Structure formats: C-alpha cells, structure tokens
$ cat model-v6.cif   # mmCIF, C-alpha atoms and all ligand atoms
data_start
loop_
_atom_site.label_atom_id
_atom_site.label_comp_id
_atom_site.auth_asym_id
_atom_site.auth_seq_id
_atom_site.Cartn_x
_atom_site.Cartn_y
_atom_site.Cartn_z
CA MET A 112 -12.25 -2.02 -9.40
CA SER A 113 -11.21 -2.05 -13.03
CA LYS A 114 -7.65 -3.24 -13.53
CA ASN A 115 -6.83 -0.10 -15.51
CA LYS A 116 -7.59 2.30 -12.71
CA LYS A 117 -4.43 3.42 -10.96
CA LEU A 118 -4.45 2.65 -7.25
CA ILE A 119 -3.09 5.67 -5.37
CA ILE A 120 -2.77 5.26 -1.62
CA ALA A 121 -2.00 7.89 0.99
CA ASN A 122 -0.45 6.43 4.13
CA TRP A 123 -0.69 9.17 6.75
CA LYS A 124 1.36 7.19 9.29
CA MET A 125 1.21 8.79 12.78
CA ASN A 126 -0.28 12.06 11.47
CA PRO A 127 -2.02 14.45 11.94
CA GLU A 128 -2.55 15.05 15.65
CA SER A 129 -6.16 16.18 15.67
CA LEU A 130 -9.41 15.08 14.07
CA ALA A 131 -9.98 18.62 12.83
CA GLU A 132 -6.72 18.53 10.86
CA ALA A 133 -7.46 15.03 9.58
CA LYS A 134 -10.86 16.15 8.30
CA LYS A 135 -9.37 19.20 6.65
CA ILE A 136 -6.80 17.15 4.74
CA PHE A 137 -9.35 14.51 3.76
CA LEU A 138 -11.88 17.07 2.52
CA GLY A 139 -9.15 18.76 0.48
CA ILE A 140 -8.19 15.45 -1.11
CA LYS A 141 -11.84 14.54 -1.64
CA LYS A 142 -12.45 17.59 -3.84
CA VAL A 143 -10.05 16.19 -6.42
CA ALA A 144 -10.17 12.44 -5.82
CA GLY A 145 -13.97 12.34 -5.87
CA LYS A 146 -14.00 13.42 -9.52
CA LEU A 147 -11.34 11.16 -11.03
CA LEU A 148 -12.50 8.34 -13.28
CA ASN A 149 -9.14 6.63 -13.78
CA VAL A 150 -7.90 6.55 -10.21
CA GLN A 151 -8.95 4.60 -7.15
CA THR A 152 -7.81 6.72 -4.23
CA VAL A 153 -7.30 5.15 -0.82
CA VAL A 154 -6.67 7.29 2.27
CA CYS A 155 -5.18 5.56 5.31
CA PRO A 156 -5.49 7.70 8.45
CA PRO A 157 -4.49 6.55 11.95
CA PHE A 158 -7.03 4.18 13.61
CA ILE A 159 -8.44 6.88 15.86
CA PHE A 160 -9.78 8.90 12.89
CA LEU A 161 -10.92 6.05 10.63
CA GLU A 162 -14.62 6.03 11.38
CA GLU A 163 -15.06 9.81 11.24
CA ILE A 164 -13.11 10.10 8.01
CA ALA A 165 -15.02 7.19 6.49
CA SER A 166 -18.29 8.99 7.27
CA LEU A 167 -17.23 12.00 5.16
CA TYR A 168 -17.52 10.22 1.82
CA LYS A 169 -20.13 7.88 0.41
CA GLY A 170 -18.98 7.13 -3.15
CA HIS A 171 -16.54 4.58 -4.58
CA ARG A 172 -13.76 6.73 -5.95
CA ILE A 173 -12.20 7.14 -2.53
CA ALA A 174 -11.84 4.28 -0.10
CA ILE A 175 -10.57 4.24 3.46
CA GLY A 176 -7.71 2.03 4.59
CA ALA A 177 -6.11 1.16 7.92
CA GLN A 178 -2.35 1.11 8.40
CA ASP A 179 -2.33 -2.21 10.20
CA VAL A 180 -4.63 -4.73 11.91
CA PHE A 181 -4.40 -7.52 14.47
CA GLU A 182 -4.15 -11.19 13.48
CA LYS A 183 -7.39 -12.30 15.17
CA ASN A 184 -11.06 -11.40 15.00
CA THR A 185 -12.06 -12.43 18.53
CA GLY A 186 -10.54 -12.80 21.97
CA SER A 187 -9.11 -10.64 24.72
CA PHE A 188 -6.26 -8.62 23.25
CA THR A 189 -5.75 -5.30 24.96
CA GLY A 190 -5.12 -2.46 22.60
CA MET A 191 -5.73 -4.39 19.38
CA ILE A 192 -8.05 -3.68 16.44
CA SER A 193 -9.56 -6.64 14.56
CA PRO A 194 -10.23 -7.03 10.83
CA ASN A 195 -13.97 -7.31 11.60
CA MET A 196 -13.90 -3.97 13.45
CA LEU A 197 -12.38 -2.34 10.38
CA LYS A 198 -14.79 -4.01 7.98
CA LYS A 199 -17.86 -3.03 10.01
CA ASN A 200 -16.79 0.59 10.39
CA GLY A 201 -16.31 1.78 6.84
CA VAL A 202 -12.78 0.53 6.16
CA ASP A 203 -12.12 -1.40 2.93
CA TYR A 204 -8.33 -1.62 2.74
CA VAL A 205 -5.51 -2.50 5.11
CA ILE A 206 -1.76 -1.94 4.69
CA LEU A 207 0.21 -4.92 6.00
CA GLY A 208 3.93 -5.50 6.40
CA HIS A 209 5.02 -1.88 6.05
CA SER A 210 8.76 -1.66 6.66
CA GLU A 211 8.18 0.63 9.64
CA ARG A 212 6.15 -2.17 11.28
CA ARG A 213 8.67 -4.81 10.28
CA ALA A 214 11.29 -2.63 11.99
CA LEU A 215 9.21 -2.92 15.18
CA GLY A 216 9.65 -6.68 15.02
CA GLU A 217 6.94 -8.04 12.73
CA SER A 218 8.01 -11.26 11.03
CA ASP A 219 6.85 -12.62 7.66
CA GLU A 220 4.96 -15.31 9.58
CA TYR A 221 3.07 -12.77 11.68
CA ILE A 222 2.32 -10.69 8.59
CA ASN A 223 1.10 -13.84 6.84
CA ASN A 224 -1.41 -14.45 9.68
CA LYS A 225 -2.70 -10.91 9.22
CA VAL A 226 -2.89 -11.25 5.43
CA ARG A 227 -4.91 -14.46 5.76
CA ILE A 228 -7.44 -13.19 8.27
CA SER A 229 -7.82 -9.82 6.55
CA LEU A 230 -8.58 -11.43 3.19
CA LYS A 231 -10.96 -13.92 4.82
CA THR A 232 -12.74 -11.01 6.51
CA GLY A 233 -13.21 -9.35 3.13
CA LEU A 234 -10.67 -6.54 3.45
CA LYS A 235 -8.47 -5.59 0.52
CA VAL A 236 -4.84 -6.10 1.48
CA ILE A 237 -1.91 -3.93 0.44
CA LEU A 238 1.10 -6.09 1.22
CA CYS A 239 4.36 -4.15 1.48
CA VAL A 240 7.71 -5.70 0.63
CA GLY A 241 11.12 -4.14 0.21
CA GLU A 242 14.80 -4.71 0.82
CA LYS A 243 16.76 -2.65 3.36
CA GLU A 244 19.78 -2.29 1.11
CA ARG A 245 21.15 -3.41 -2.22
CA ASP A 246 24.18 -5.60 -2.80
CA ASN A 247 26.15 -6.20 -6.00
CA GLN A 248 25.28 -9.89 -6.18
CA GLY A 249 21.53 -9.30 -6.48
CA GLN A 250 20.69 -11.03 -3.17
CA TYR A 251 17.89 -8.51 -2.77
CA PHE A 252 15.91 -10.36 -5.43
CA ILE A 253 15.95 -13.48 -3.27
CA PHE A 254 15.04 -11.41 -0.23
CA ILE A 255 11.98 -9.94 -2.01
CA LYS A 256 10.94 -13.33 -3.33
CA ASN A 257 11.06 -14.81 0.17
CA GLN A 258 9.17 -11.90 1.69
CA ILE A 259 6.40 -12.34 -0.88
CA LEU A 260 6.17 -16.12 -0.68
CA ASN A 261 6.30 -16.20 3.13
CA SER A 262 3.73 -13.44 3.48
CA LEU A 263 1.38 -15.16 1.02
CA GLU A 264 1.73 -18.68 2.44
CA GLY A 265 -1.65 -20.46 2.21
CA ILE A 266 -3.28 -17.73 0.12
CA THR A 267 -5.26 -19.17 -2.77
CA LYS A 268 -5.98 -17.65 -6.18
CA SER A 269 -9.53 -16.82 -5.21
CA PHE A 270 -8.21 -14.02 -2.96
CA LEU A 271 -5.93 -12.36 -5.51
CA ASN A 272 -8.59 -9.89 -6.58
CA ASN A 273 -8.36 -8.33 -3.14
CA LEU A 274 -4.59 -8.21 -2.96
CA SER A 275 -2.08 -5.65 -4.13
CA ILE A 276 1.65 -5.65 -3.54
CA ALA A 277 3.53 -2.47 -2.77
CA TYR A 278 7.23 -2.62 -3.50
CA GLU A 279 8.94 -0.14 -1.19
CA PRO A 280 12.74 -0.31 -1.01
CA VAL A 281 13.39 0.74 2.57
CA TRP A 282 16.34 2.90 1.51
CA ALA A 283 14.04 5.00 -0.70
CA ILE A 284 11.43 5.73 1.96
CA SER A 285 11.65 9.26 3.18
CA ASN A 286 12.33 8.96 6.85
CA ASN A 287 15.29 11.23 6.22
CA SER A 288 15.61 14.08 3.80
CA LYS A 289 18.46 12.40 1.89
CA ASN A 290 16.33 9.55 0.58
CA LYS A 291 15.30 9.70 -3.04
CA ALA A 292 12.86 7.66 -5.08
CA MET A 293 14.29 4.75 -6.99
CA SER A 294 14.92 5.25 -10.70
CA SER A 295 12.10 4.10 -12.95
CA ASP A 296 14.24 1.51 -14.74
CA GLN A 297 15.17 -0.06 -11.40
CA ILE A 298 11.49 -0.04 -10.46
CA TYR A 299 10.56 -1.65 -13.76
CA GLU A 300 13.10 -4.42 -13.25
CA MET A 301 11.72 -5.22 -9.81
CA ILE A 302 8.09 -5.09 -10.94
CA ILE A 303 8.85 -7.67 -13.67
CA PHE A 304 10.59 -9.83 -11.08
CA ILE A 305 7.64 -9.62 -8.66
CA LYS A 306 5.24 -10.56 -11.47
CA LYS A 307 7.40 -13.59 -12.23
CA VAL A 308 7.36 -14.66 -8.58
CA LEU A 309 3.57 -14.37 -8.54
CA THR A 310 3.13 -16.19 -11.85
CA ASP A 311 5.35 -19.03 -10.66
CA LYS A 312 3.23 -19.32 -7.52
CA PHE A 313 -0.26 -18.83 -8.91
CA GLY A 314 0.04 -19.80 -12.59
CA VAL A 315 0.04 -17.80 -15.80
CA LYS A 316 -3.70 -17.81 -16.26
CA THR A 317 -4.36 -16.01 -13.00
CA LYS A 318 -5.35 -12.36 -12.89
CA MET A 319 -2.41 -10.74 -11.14
CA PRO A 320 -2.61 -8.46 -8.09
CA GLN A 321 -1.87 -4.82 -8.75
CA ILE A 322 1.77 -3.96 -8.14
CA LEU A 323 2.56 -0.57 -6.64
CA TYR A 324 5.69 1.40 -5.90
CA GLY A 325 6.34 3.45 -2.76
CA GLY A 326 9.26 5.54 -1.51
CA SER A 327 9.70 9.32 -1.92
CA VAL A 328 6.98 9.70 -4.55
CA ASN A 329 6.19 13.36 -5.25
CA PRO A 330 4.45 15.34 -8.01
CA LYS A 331 7.75 15.68 -9.89
CA ASN A 332 8.51 11.98 -10.24
CA THR A 333 4.96 10.58 -10.43
CA LYS A 334 4.59 10.66 -14.19
CA GLU A 335 7.85 8.93 -14.90
CA ILE A 336 7.34 6.25 -12.24
CA LEU A 337 3.86 5.45 -13.51
CA LYS A 338 4.88 5.47 -17.15
CA GLU A 339 8.36 3.97 -17.16
CA GLY A 340 8.21 2.02 -13.92
CA GLY A 341 5.38 -0.22 -15.14
CA VAL A 342 3.45 0.05 -11.86
CA ASP A 343 -0.31 -0.11 -11.31
CA GLY A 344 -0.24 2.50 -8.57
CA LEU A 345 1.63 4.25 -5.79
CA LEU A 346 1.90 4.10 -2.01
CA ILE A 347 2.62 7.57 -0.74
CA GLY A 348 3.75 8.78 2.66
CA ARG A 349 4.64 12.45 3.21
CA ALA A 350 3.04 13.80 0.04
CA GLY A 351 -0.23 12.13 1.05
CA LEU A 352 -0.64 14.64 3.89
CA ASP A 353 -0.19 17.63 1.61
CA ILE A 354 -3.44 18.46 -0.17
CA LYS A 355 -1.75 20.30 -2.99
CA LYS A 356 0.95 17.73 -3.68
CA PHE A 357 -1.36 14.75 -3.34
CA SER A 358 -3.95 16.36 -5.63
CA GLU A 359 -1.26 16.93 -8.23
CA ILE A 360 -0.20 13.28 -7.99
CA LEU A 361 -3.82 12.17 -8.37
CA ASN A 362 -4.35 14.35 -11.43
CA ILE A 363 -1.17 13.06 -13.06
CA ALA A 364 -2.23 9.46 -12.38
CA ASN A 365 -5.67 10.15 -13.80
CA ASN A 366 -4.21 11.31 -17.10
P1 LIG B 401 7.28 8.41 1.62
O1 LIG B 401 6.72 7.13 2.42
O2 LIG B 401 6.36 8.64 0.46
O3 LIG B 401 7.22 9.51 2.62
O4 LIG B 401 8.65 8.04 1.17
C1 LIG B 401 6.33 6.00 1.71
C2 LIG B 401 5.87 4.93 2.68
O5 LIG B 401 6.44 4.79 3.76
O6 LIG B 401 4.90 4.21 2.38
#
$ encode --input "model-v6.cif" --output "structure tokens"
Amino acid sequence: MSKNKKLIIANWKMNPESLAEAKKIFLGIKKVAGKLLNVQTVVCPPFIFLEEIASLYKGHRIAIGAQDVFEKNTGSFTGMISPNMLKKNGVDYVILGHSERRALGESDEYINNKVRISLKTGLKVILCVGEKERDNQGQYFIFIKNQILNSLEGITKSFLNNLSIAYEPVWAISNNSKNKAMSSDQIYEMIIFIKKVLTDKFGVKTKMPQILYGGSVNPKNTKEILKEGGVDGLLIGRAGLDIKKFSEILNIANN
C-alpha cells in the first residue's frame, strides 16, 4: 500500500448480531470505499462473519481485518482462532492490544506474542496503545513508550511494512456518551513522540509504520484530526457501523 494512502479502519467490536445486518453494513460501505483511490479501508467484523464478509469483495481498496487472534498457530486451544486461520480465510489485518482487550487482562507480553506470530504469518498488524488517564507530570509519555517497546519486543525492521500503530487514549474512546475525541494539537504531540520512540528503536533510515488515531472519531472531527493531528489514518468504532457516517469519513479522508 502506498504510504500516502490514508488507512481508515472500522472496528465493529461485538456488532452487529446477525450476518444479514453485517452484510448490509459492509455492502453499504463497499459502495463508497471501493471507489476511493487515496484511502485503504479496512473493515473488522466479529470472527463469526469474517469469511462471509471477505467473500463479498475481491479488490484491494477494502481489506478485511480481525479484532484479535490467538498467540499460536497449532495445538489444542478450545475456542481460539489462529493467525493461519485468518490468513487462509480472506483476512489481511488484525487489531492487537485494543484497550478493551487489555481491560480483560491482556498484558504487553501476551500482546507481543500475538504481534510476533501474526507478522510471521503474514498478517498486517494494527497495534493499539493508549493511556487510561493523563497526569500533569507527563507520565503518560513513559507509559506509551513502554507499551510500544514491550509490544514490539523482538520485532525486526523487516516487519515494519506490515505494522501500523493506533494511538487510542482510553479516556477518548466512546464507551460512554461523555467521551470526546482528543484535540488535534494533543494528537500531533503524541504522534511526534511515537515517531521518536520508533526512530530510536529502529533507526532514522527505516520506513516508519503508519500511525493512526482512534477515539470518538466522527464526520465532524475527521478533517481536522487528519490535517492537524499529523496522522496517517484512523481507527473508528461506533461510526464504523453507520454506513452514512463512515462513508462521510472515507470521503473526507480521500480528499
Ligand atoms: P470509538 O471507538 O470510535 O467508538 O470511540 C474507537 C475504538 O475503540 O477503536
């Protein structure tokens, strides 16, 4: 994917409830996303719909992603889905380390295992990082740095092409109606910091992963976040289930 294409990802989380609804939303998104030259759209439905949704589109402008994966490709692990299963069934991307999974107990170490095996299996990884709250001393910078370095332990430069990092401050994610997106200057500051962490780890000459923002993105704030926030793309929750809103976001990103 060209570096200049914006990466716009819809994370459907535990929605919708039926395949019929999932298809309807995907086909609505496809009408717009399938035409855009400057956007790589990724739709991440729940596991149970992945294969069917993947079969509805054959081009490159839309890709299918999973919301998580297990840390092993073989063995007896009841209830788990392996990176190979995703790869062989039309899935190209996987979201790892989302704060909602971290809240269920996933550690950086566990996420690192999943990042490693997913990249080795040939999946593109969207690694999520984000602080739960902000303090006046700027400790959250150290927190983000540690999350990134721990989650990328053992990852070599050769895999960076298949990695993107989604910065999602937990307090800006819309699990309650009070949450609001972060301001674009705060986003910009963090994006610069994340780039510095990556440059220190991988060297200045390395092509950097794409850096995305997520947390209460909607059609009203998309333009400003993309322009002033200095991000290469967006990770979108609620608005990614709304054909109209998501299409608007895609069109804004395309222009
Ligand atoms: P939101 O979710 O867009 O609904 O805030 C973002 C996310 O959890 O990735």
$ atom_distance --input "model-v6.cif" --atom1 "atom CA of A:Phe254" --atom2 "atom CA of A:Glu242"
6.8 Å
$ atom_distance --input "model-v6.cif" --atom1 "atom CA of A:Lys141" --atom2 "atom CA of A:Lys356"
13.3 Å
$ atom_distance --input "model-v6.cif" --atom1 "atom O1 of ligand LIG 401 (chain B)" --atom2 "atom CA of A:Lys243"
14.0 Å
$ residues_near_ligand --input "model-v6.cif" --ligand "ligand LIG 401 (chain B)" --cutoff "10 Å" --atoms "only C-alpha atoms and all ligand atoms" --output "PyMOL selection string"
chain A and resi 120-124+178+206+209-211+239+277-288+290-292+324-329+345-352
$ closest_residue --input "model-v6.cif" --among "A:Phe357, A:Phe158, A:Phe181, A:Phe137" --to "A:Arg227" --atoms "all atoms listed in the file"
A:Phe181
$ residues_near_point --input "model-v6.cif" --point "(-2.2, -18.2, -14.1)" --cutoff "12 Å" --atoms "all atoms listed in the file" --output "list in words"
Thr267, Lys268, Ser269, Leu271, Lys306, Lys307, Val308, Leu309, Thr310, Asp311, Lys312, Phe313, Gly314, Val315, Lys316, Thr317, Lys318, Met319 and Pro320 of chain A
$ build_atoms --input "model-v6.cif" --residues "stretch 174-185 of chain A" --atoms "all heavy atoms" --output "PDB file, in the coordinates of the input"
ATOM      1  N   ALA A 174     -11.591   5.295  -1.121  1.00  0.00           N
ATOM      2  CA  ALA A 174     -11.840   4.280  -0.100  1.00  0.00           C
ATOM      3  C   ALA A 174     -10.958   4.586   1.098  1.00  0.00           C
ATOM      4  O   ALA A 174      -9.977   5.327   0.991  1.00  0.00           O
ATOM      5  CB  ALA A 174     -11.540   2.890  -0.641  1.00  0.00           C
ATOM      6  N   ILE A 175     -11.330   4.012   2.239  1.00  0.00           N
ATOM      7  CA  ILE A 175     -10.570   4.240   3.460  1.00  0.00           C
ATOM      8  C   ILE A 175      -9.789   2.972   3.809  1.00  0.00           C
ATOM      9  O   ILE A 175     -10.314   1.863   3.697  1.00  0.00           O
ATOM     10  CB  ILE A 175     -11.513   4.621   4.622  1.00  0.00           C
ATOM     11  CG1 ILE A 175     -12.351   5.850   4.253  1.00  0.00           C
ATOM     12  CG2 ILE A 175     -10.745   4.870   5.924  1.00  0.00           C
ATOM     13  CD1 ILE A 175     -11.548   7.089   3.899  1.00  0.00           C
ATOM     14  N   GLY A 176      -8.544   3.169   4.215  1.00  0.00           N
ATOM     15  CA  GLY A 176      -7.710   2.030   4.590  1.00  0.00           C
ATOM     16  C   GLY A 176      -7.136   2.228   5.983  1.00  0.00           C
ATOM     17  O   GLY A 176      -6.971   3.358   6.449  1.00  0.00           O
ATOM     18  N   ALA A 177      -6.820   1.103   6.639  1.00  0.00           N
ATOM     19  CA  ALA A 177      -6.110   1.160   7.920  1.00  0.00           C
ATOM     20  C   ALA A 177      -4.634   0.885   7.647  1.00  0.00           C
ATOM     21  O   ALA A 177      -4.286   0.317   6.616  1.00  0.00           O
ATOM     22  CB  ALA A 177      -6.673   0.118   8.876  1.00  0.00           C
ATOM     23  N   GLN A 178      -3.795   1.279   8.587  1.00  0.00           N
ATOM     24  CA  GLN A 178      -2.350   1.110   8.400  1.00  0.00           C
ATOM     25  C   GLN A 178      -1.824  -0.206   8.948  1.00  0.00           C
ATOM     26  O   GLN A 178      -0.649  -0.535   8.784  1.00  0.00           O
ATOM     27  CB  GLN A 178      -1.610   2.279   9.059  1.00  0.00           C
ATOM     28  CG  GLN A 178      -1.969   3.626   8.478  1.00  0.00           C
ATOM     29  CD  GLN A 178      -1.427   4.766   9.316  1.00  0.00           C
ATOM     30  OE1 GLN A 178      -0.510   4.597  10.107  1.00  0.00           O
ATOM     31  NE2 GLN A 178      -2.006   5.941   9.143  1.00  0.00           N
ATOM     32  N   ASP A 179      -2.717  -0.930   9.618  1.00  0.00           N
ATOM     33  CA  ASP A 179      -2.330  -2.210  10.200  1.00  0.00           C
ATOM     34  C   ASP A 179      -3.594  -2.845  10.777  1.00  0.00           C
ATOM     35  O   ASP A 179      -4.658  -2.196  10.816  1.00  0.00           O
ATOM     36  CB  ASP A 179      -1.301  -1.992  11.329  1.00  0.00           C
ATOM     37  CG  ASP A 179      -0.767  -3.305  11.881  1.00  0.00           C
ATOM     38  OD1 ASP A 179      -0.632  -4.264  11.098  1.00  0.00           O
ATOM     39  OD2 ASP A 179      -0.504  -3.377  13.098  1.00  0.00           O
ATOM     40  N   VAL A 180      -3.515  -4.088  11.217  1.00  0.00           N
ATOM     41  CA  VAL A 180      -4.630  -4.730  11.910  1.00  0.00           C
ATOM     42  C   VAL A 180      -4.069  -5.888  12.720  1.00  0.00           C
ATOM     43  O   VAL A 180      -2.944  -6.329  12.469  1.00  0.00           O
ATOM     44  CB  VAL A 180      -5.699  -5.214  10.881  1.00  0.00           C
ATOM     45  CG1 VAL A 180      -5.253  -6.486  10.162  1.00  0.00           C
ATOM     46  CG2 VAL A 180      -7.052  -5.412  11.539  1.00  0.00           C
ATOM     47  N   PHE A 181      -4.857  -6.368  13.668  1.00  0.00           N
ATOM     48  CA  PHE A 181      -4.400  -7.520  14.470  1.00  0.00           C
ATOM     49  C   PHE A 181      -4.685  -8.820  13.729  1.00  0.00           C
ATOM     50  O   PHE A 181      -5.489  -8.867  12.806  1.00  0.00           O
ATOM     51  CB  PHE A 181      -5.089  -7.497  15.843  1.00  0.00           C
ATOM     52  CG  PHE A 181      -4.504  -8.486  16.820  1.00  0.00           C
ATOM     53  CD1 PHE A 181      -3.134  -8.504  17.079  1.00  0.00           C
ATOM     54  CD2 PHE A 181      -5.319  -9.404  17.468  1.00  0.00           C
ATOM     55  CE1 PHE A 181      -2.589  -9.431  17.976  1.00  0.00           C
ATOM     56  CE2 PHE A 181      -4.778 -10.332  18.366  1.00  0.00           C
ATOM     57  CZ  PHE A 181      -3.412 -10.345  18.620  1.00  0.00           C
ATOM     58  N   GLU A 182      -4.055  -9.910  14.187  1.00  0.00           N
ATOM     59  CA  GLU A 182      -4.150 -11.190  13.480  1.00  0.00           C
ATOM     60  C   GLU A 182      -5.356 -12.044  13.894  1.00  0.00           C
ATOM     61  O   GLU A 182      -5.452 -13.184  13.476  1.00  0.00           O
ATOM     62  CB  GLU A 182      -2.863 -11.989  13.681  1.00  0.00           C
ATOM     63  CG  GLU A 182      -2.581 -12.258  15.147  1.00  0.00           C
ATOM     64  CD  GLU A 182      -1.412 -13.204  15.401  1.00  0.00           C
ATOM     65  OE1 GLU A 182      -1.155 -14.073  14.564  1.00  0.00           O
ATOM     66  OE2 GLU A 182      -0.805 -13.086  16.468  1.00  0.00           O
ATOM     67  N   LYS A 183      -6.235 -11.512  14.739  1.00  0.00           N
ATOM     68  CA  LYS A 183      -7.390 -12.300  15.170  1.00  0.00           C
ATOM     69  C   LYS A 183      -8.647 -11.440  15.168  1.00  0.00           C
ATOM     70  O   LYS A 183      -8.586 -10.230  15.361  1.00  0.00           O
ATOM     71  CB  LYS A 183      -7.178 -12.839  16.581  1.00  0.00           C
ATOM     72  CG  LYS A 183      -6.079 -13.875  16.669  1.00  0.00           C
ATOM     73  CD  LYS A 183      -6.146 -14.598  18.004  1.00  0.00           C
ATOM     74  CE  LYS A 183      -4.926 -15.461  18.259  1.00  0.00           C
ATOM     75  NZ  LYS A 183      -4.585 -16.404  17.197  1.00  0.00           N
ATOM     76  N   ASN A 184      -9.788 -12.120  14.985  1.00  0.00           N
ATOM     77  CA  ASN A 184     -11.060 -11.400  15.000  1.00  0.00           C
ATOM     78  C   ASN A 184     -11.768 -11.425  16.348  1.00  0.00           C
ATOM     79  O   ASN A 184     -12.661 -10.611  16.592  1.00  0.00           O
ATOM     80  CB  ASN A 184     -11.998 -11.976  13.925  1.00  0.00           C
ATOM     81  CG  ASN A 184     -11.955 -11.138  12.645  1.00  0.00           C
ATOM     82  OD1 ASN A 184     -11.745  -9.917  12.696  1.00  0.00           O
ATOM     83  ND2 ASN A 184     -12.143 -11.777  11.508  1.00  0.00           N
ATOM     84  N   THR A 185     -11.407 -12.371  17.212  1.00  0.00           N
ATOM     85  CA  THR A 185     -12.060 -12.430  18.530  1.00  0.00           C
ATOM     86  C   THR A 185     -11.028 -12.725  19.617  1.00  0.00           C
ATOM     87  O   THR A 185      -9.924 -13.190  19.311  1.00  0.00           O
ATOM     88  CB  THR A 185     -13.116 -13.565  18.576  1.00  0.00           C
ATOM     89  OG1 THR A 185     -12.490 -14.763  18.111  1.00  0.00           O
ATOM     90  CG2 THR A 185     -14.330 -13.257  17.731  1.00  0.00           C
TER      91      THR A 185
END
